[in-house]
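K.L.:
Let me give you the structure first, and then I'll get to my questions.
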Amino acid sequence: MKLVIKIILLLFVIACLVVVIFMPEGPDSSARTDTPENHNGIAVIFFHGYARCEACTSIESLTRETLQSHFQSELDSDTIQFFKINLDVSANAHYVTDFNLSTRPVVLAKYSDGNLVTWQVLDDVWYLYKDPQAFTAFMSEQIKQFIDGEQS
């Protein structure tokens with residue numbers, strides 16, 4: 001009986017090692033087809049890493065809330081889409097270069113036929129996340145100006 005338990009435990013450990021060794025880069029690394037490049041229009045992109053602090057969680061939440069409260073019709077029509085991208089996944093490393101990122105901000109980007117047309121990095125979200133009202137005012141104004149800039 002002890003031998004059977006040892007064999008079962010050994011097989012379990014081997015199976016865990018196989019999963020860890022062959023698991024691609026972590027929980028958020030599954031291949032996604034819903035990337036900004038597959039979207040024509042304005043992308044609001046929240047960048048993060050595997051480790052998420054209170055500020056990161058708050059910025060994501062406030063960005064979503066701003067979009068839902070001020071741009072719901074644009075979300076419904078897919079004129080604006082929200083994307084959450086983990087920069088710790090190696091397949092997403094190109095965004096650091098694409099947007100010249102030095103932090104993990106929110107980025108407004110315009111895509112057309114899979115090509116990045118223009119973008120705006122919103123680093124100020126890091127200074128505003130503790131004041132939801134100021135964050136929402138800033139974010140909604142930046143999105144409106146970005147949309148207006150695209151239409152002129």
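In the structure tokens, chains take letters A, B, ... by order of appearance, with residues numbered from 1 within each chain and ligands from 1 in the order shown.
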Tell me, which residues of chain A carry DSSP strand (DSSP E), written as an mmCIF file with N, CA, C and O atoms, in the first residue's frame?
P.N.:
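Final output, saved to result-v1.cif:
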data_model
loop_
_atom_site.group_PDB
_atom_site.id
_atom_site.type_symbol
_atom_site.label_atom_id
_atom_site.label_comp_id
_atom_site.auth_asym_id
_atom_site.auth_seq_id
_atom_site.Cartn_x
_atom_site.Cartn_y
_atom_site.Cartn_z
ATOM 1 N N GLY A 41 -10.828 51.483 -35.172
ATOM 2 C CA GLY A 41 -11.433 52.505 -34.338
ATOM 3 C C GLY A 41 -10.517 52.860 -33.197
ATOM 4 O O GLY A 41 -9.303 52.683 -33.257
ATOM 5 N N ILE A 42 -11.127 53.350 -32.128
ATOM 6 C CA ILE A 42 -10.358 53.815 -30.987
ATOM 7 C C ILE A 42 -10.271 52.707 -29.939
ATOM 8 O O ILE A 42 -11.282 52.111 -29.565
ATOM 9 N N ALA A 43 -9.060 52.463 -29.516
ATOM 10 C CA ALA A 43 -8.804 51.478 -28.467
ATOM 11 C C ALA A 43 -8.356 52.219 -27.215
ATOM 12 O O ALA A 43 -7.471 53.067 -27.278
ATOM 13 N N VAL A 44 -8.992 51.900 -26.107
ATOM 14 C CA VAL A 44 -8.541 52.385 -24.809
ATOM 15 C C VAL A 44 -7.845 51.185 -24.180
ATOM 16 O O VAL A 44 -8.473 50.159 -23.924
ATOM 17 N N ILE A 45 -6.534 51.314 -23.990
ATOM 18 C CA ILE A 45 -5.728 50.161 -23.583
ATOM 19 C C ILE A 45 -5.167 50.389 -22.189
ATOM 20 O O ILE A 45 -4.472 51.380 -21.944
ATOM 21 N N PHE A 46 -5.475 49.458 -21.294
ATOM 22 C CA PHE A 46 -4.917 49.480 -19.946
ATOM 23 C C PHE A 46 -3.789 48.454 -19.912
ATOM 24 O O PHE A 46 -3.988 47.275 -20.183
ATOM 25 N N PHE A 47 -2.583 48.921 -19.607
ATOM 26 C CA PHE A 47 -1.417 48.046 -19.526
ATOM 27 C C PHE A 47 -1.129 47.690 -18.073
ATOM 28 O O PHE A 47 -1.225 48.544 -17.189
ATOM 29 N N HIS A 48 -0.769 46.443 -17.849
ATOM 30 C CA HIS A 48 -0.475 45.967 -16.498
ATOM 31 C C HIS A 48 0.561 44.852 -16.582
ATOM 32 O O HIS A 48 1.003 44.474 -17.664
ATOM 33 N N ILE A 80 -15.448 52.538 -29.838
ATOM 34 C CA ILE A 80 -14.407 52.477 -28.816
ATOM 35 C C ILE A 80 -14.434 51.069 -28.230
ATOM 36 O O ILE A 80 -15.518 50.525 -27.962
ATOM 37 N N GLN A 81 -13.252 50.509 -28.030
ATOM 38 C CA GLN A 81 -13.136 49.223 -27.341
ATOM 39 C C GLN A 81 -12.089 49.332 -26.248
ATOM 40 O O GLN A 81 -11.110 50.072 -26.387
ATOM 41 N N PHE A 82 -12.330 48.599 -25.171
ATOM 42 C CA PHE A 82 -11.397 48.567 -24.047
ATOM 43 C C PHE A 82 -10.566 47.293 -24.130
ATOM 44 O O PHE A 82 -11.096 46.210 -24.354
ATOM 45 N N PHE A 83 -9.258 47.439 -23.942
ATOM 46 C CA PHE A 83 -8.346 46.300 -23.956
ATOM 47 C C PHE A 83 -7.489 46.327 -22.708
ATOM 48 O O PHE A 83 -7.036 47.390 -22.285
ATOM 49 N N LYS A 84 -7.272 45.174 -22.145
ATOM 50 C CA LYS A 84 -6.415 44.996 -20.975
ATOM 51 C C LYS A 84 -5.254 44.119 -21.426
ATOM 52 O O LYS A 84 -5.469 42.980 -21.851
ATOM 53 N N ILE A 85 -4.024 44.644 -21.366
ATOM 54 C CA ILE A 85 -2.873 43.931 -21.913
ATOM 55 C C ILE A 85 -1.784 43.797 -20.862
ATOM 56 O O ILE A 85 -1.339 44.786 -20.278
ATOM 57 N N ASN A 86 -1.336 42.571 -20.668
ATOM 58 C CA ASN A 86 -0.281 42.256 -19.718
ATOM 59 C C ASN A 86 1.074 42.422 -20.409
ATOM 60 O O ASN A 86 1.420 41.663 -21.304
ATOM 61 N N VAL A 106 -2.536 54.126 -19.244
ATOM 62 C CA VAL A 106 -3.653 53.911 -20.165
ATOM 63 C C VAL A 106 -3.260 54.623 -21.451
ATOM 64 O O VAL A 106 -2.695 55.717 -21.423
ATOM 65 N N VAL A 107 -3.529 53.974 -22.578
ATOM 66 C CA VAL A 107 -3.196 54.552 -23.874
ATOM 67 C C VAL A 107 -4.460 54.628 -24.714
ATOM 68 O O VAL A 107 -5.254 53.684 -24.740
ATOM 69 N N LEU A 108 -4.647 55.746 -25.377
ATOM 70 C CA LEU A 108 -5.696 55.889 -26.385
ATOM 71 C C LEU A 108 -5.021 55.687 -27.730
ATOM 72 O O LEU A 108 -3.992 56.306 -28.003
ATOM 73 N N ALA A 109 -5.576 54.804 -28.542
ATOM 74 C CA ALA A 109 -4.944 54.505 -29.826
ATOM 75 C C ALA A 109 -5.998 54.385 -30.908
ATOM 76 O O ALA A 109 -7.106 53.908 -30.669
ATOM 77 N N LYS A 110 -5.643 54.815 -32.088
ATOM 78 C CA LYS A 110 -6.512 54.706 -33.267
ATOM 79 C C LYS A 110 -5.894 53.656 -34.183
ATOM 80 O O LYS A 110 -4.712 53.751 -34.547
ATOM 81 N N TYR A 111 -6.690 52.642 -34.519
ATOM 82 C CA TYR A 111 -6.259 51.590 -35.443
ATOM 83 C C TYR A 111 -7.146 51.614 -36.679
ATOM 84 O O TYR A 111 -8.341 51.855 -36.592
ATOM 85 N N SER A 112 -6.531 51.341 -37.817
ATOM 86 C CA SER A 112 -7.263 51.236 -39.070
ATOM 87 C C SER A 112 -6.641 50.118 -39.889
ATOM 88 O O SER A 112 -5.431 50.137 -40.142
ATOM 89 N N ASN A 115 -3.510 48.643 -38.567
ATOM 90 C CA ASN A 115 -2.346 49.516 -38.414
ATOM 91 C C ASN A 115 -2.607 50.587 -37.365
ATOM 92 O O ASN A 115 -3.692 51.164 -37.301
ATOM 93 N N LEU A 116 -1.592 50.863 -36.577
ATOM 94 C CA LEU A 116 -1.654 51.932 -35.591
ATOM 95 C C LEU A 116 -1.529 53.261 -36.322
ATOM 96 O O LEU A 116 -0.548 53.504 -37.020
ATOM 97 N N VAL A 117 -2.538 54.111 -36.180
ATOM 98 C CA VAL A 117 -2.562 55.390 -36.873
ATOM 99 C C VAL A 117 -1.995 56.490 -35.979
ATOM 100 O O VAL A 117 -1.110 57.240 -36.383
ATOM 101 N N THR A 118 -2.508 56.597 -34.780
ATOM 102 C CA THR A 118 -2.059 57.611 -33.828
ATOM 103 C C THR A 118 -2.369 57.123 -32.422
ATOM 104 O O THR A 118 -3.182 56.217 -32.236
ATOM 105 N N TRP A 119 -1.715 57.729 -31.439
ATOM 106 C CA TRP A 119 -1.960 57.334 -30.062
ATOM 107 C C TRP A 119 -1.628 58.474 -29.112
ATOM 108 O O TRP A 119 -0.961 59.424 -29.464
ATOM 109 N N GLN A 120 -2.103 58.303 -27.877
ATOM 110 C CA GLN A 120 -1.826 59.255 -26.810
ATOM 111 C C GLN A 120 -1.645 58.464 -25.513
ATOM 112 O O GLN A 120 -2.504 57.671 -25.133
ATOM 113 N N VAL A 121 -0.529 58.660 -24.851
ATOM 114 C CA VAL A 121 -0.234 57.992 -23.585
ATOM 115 C C VAL A 121 -0.752 58.857 -22.443
ATOM 116 O O VAL A 121 -0.436 60.049 -22.373
ATOM 117 N N LEU A 122 -1.538 58.256 -21.569
ATOM 118 C CA LEU A 122 -2.125 58.988 -20.440
ATOM 119 C C LEU A 122 -1.428 58.599 -19.138
ATOM 120 O O LEU A 122 -1.972 57.883 -18.296
#
K.L.:
One number please: atom CA of A:Thr57 to atom CA of A:Asn40, in Å, one decimal.
P.N.:
26.9 Å
K.L.:
Of the residues A:Ser90, A:Leu128, A:Ser69, A:Cys56, which is the one nearest to A:Thr103, using only C-alpha atoms?
P.N.:
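So, comparing all the options, the nearest one is A:Cys56.
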K.L.:
Where does DSSP see alpha helix (DSSP H) in stretch 11-143 of chain A, if you list the residues as a PyMOL selection string?
P.N.:
chain A and resi 11-22+54-70+72-76+94-98+125-128+132-143
K.L.:
With distances taken over only C-alpha atoms, which residue among A:Ala137, A:Asp131, A:Gln142, A:Leu87 lies nearest A:Ala51?
P.N.:
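Nearest candidate to A:Ala51 out of A:Ala137, A:Asp131, A:Gln142, A:Leu87: A:Leu87.
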K.L.:
Which polymer residues have any atom within 10 Å of an atom of A:Glu54, counting only C-alpha atoms, with same-chain residues fewer than 3 positions away left out, as a ChimeraX atom specification?
P.N.:
/A:57-59,129-130
K.L.:
Go ahead and dump the residues you just picked, N, CA and C atoms, as a PDB file, in the first residue's frame.
P.N.:
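Saved file part-v9.pdb follows:
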ATOM      1  N   THR A  57      -5.137  48.229 -10.013  1.00  0.00           N
ATOM      2  CA  THR A  57      -6.520  47.758  -9.944  1.00  0.00           C
ATOM      3  C   THR A  57      -7.488  48.930 -10.002  1.00  0.00           C
ATOM      4  N   SER A  58      -7.153  49.993  -9.303  1.00  0.00           N
ATOM      5  CA  SER A  58      -7.999  51.180  -9.291  1.00  0.00           C
ATOM      6  C   SER A  58      -8.047  51.851 -10.663  1.00  0.00           C
ATOM      7  N   ILE A  59      -6.901  51.977 -11.313  1.00  0.00           N
ATOM      8  CA  ILE A  59      -6.847  52.603 -12.642  1.00  0.00           C
ATOM      9  C   ILE A  59      -7.682  51.812 -13.641  1.00  0.00           C
ATOM     10  N   TYR A 129      -5.594  58.479  -9.688  1.00  0.00           N
ATOM     11  CA  TYR A 129      -6.410  57.315  -9.321  1.00  0.00           C
ATOM     12  C   TYR A 129      -6.991  57.383  -7.908  1.00  0.00           C
ATOM     13  N   LYS A 130      -6.405  58.170  -7.023  1.00  0.00           N
ATOM     14  CA  LYS A 130      -6.931  58.285  -5.654  1.00  0.00           C
ATOM     15  C   LYS A 130      -8.105  59.253  -5.559  1.00  0.00           C
TER      16      LYS A 130
END
K.L.:
Go through A:Lys2, A:Ser77, A:Tyr50, A:Lys144 and flag the residue nearest A:Val89, using only C-alpha atoms for the distances.
P.N.:
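Answer, going by the shortest atom-to-atom distance: A:Tyr50.
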K.L.:
Would you list the contacts of A:Thr63 as a PyMOL selection string, taking every protein, DNA or RNA residue within 8 Å and counting only C-alpha atoms, but skipping same-chain residues closer than 4 positions in sequence?
P.N.:
chain A and resi 59+67+136+139
K.L.:
Rank nothing, just name the residue among A:Ile14, A:Pro36, A:Val4, A:Asp148 nearest to A:Asn92, using only C-alpha atoms.
P.N.:
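Smallest separation from A:Asn92 among the options: A:Pro36.
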K.L.:
Could you tell me how far atom CA of A:Gly49 lies from atom CA of A:Asp78, in Å and to one decimal?
P.N.:
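Going from atom CA of A:Gly49 over to atom CA of A:Asp78, I get 25.7 Å.
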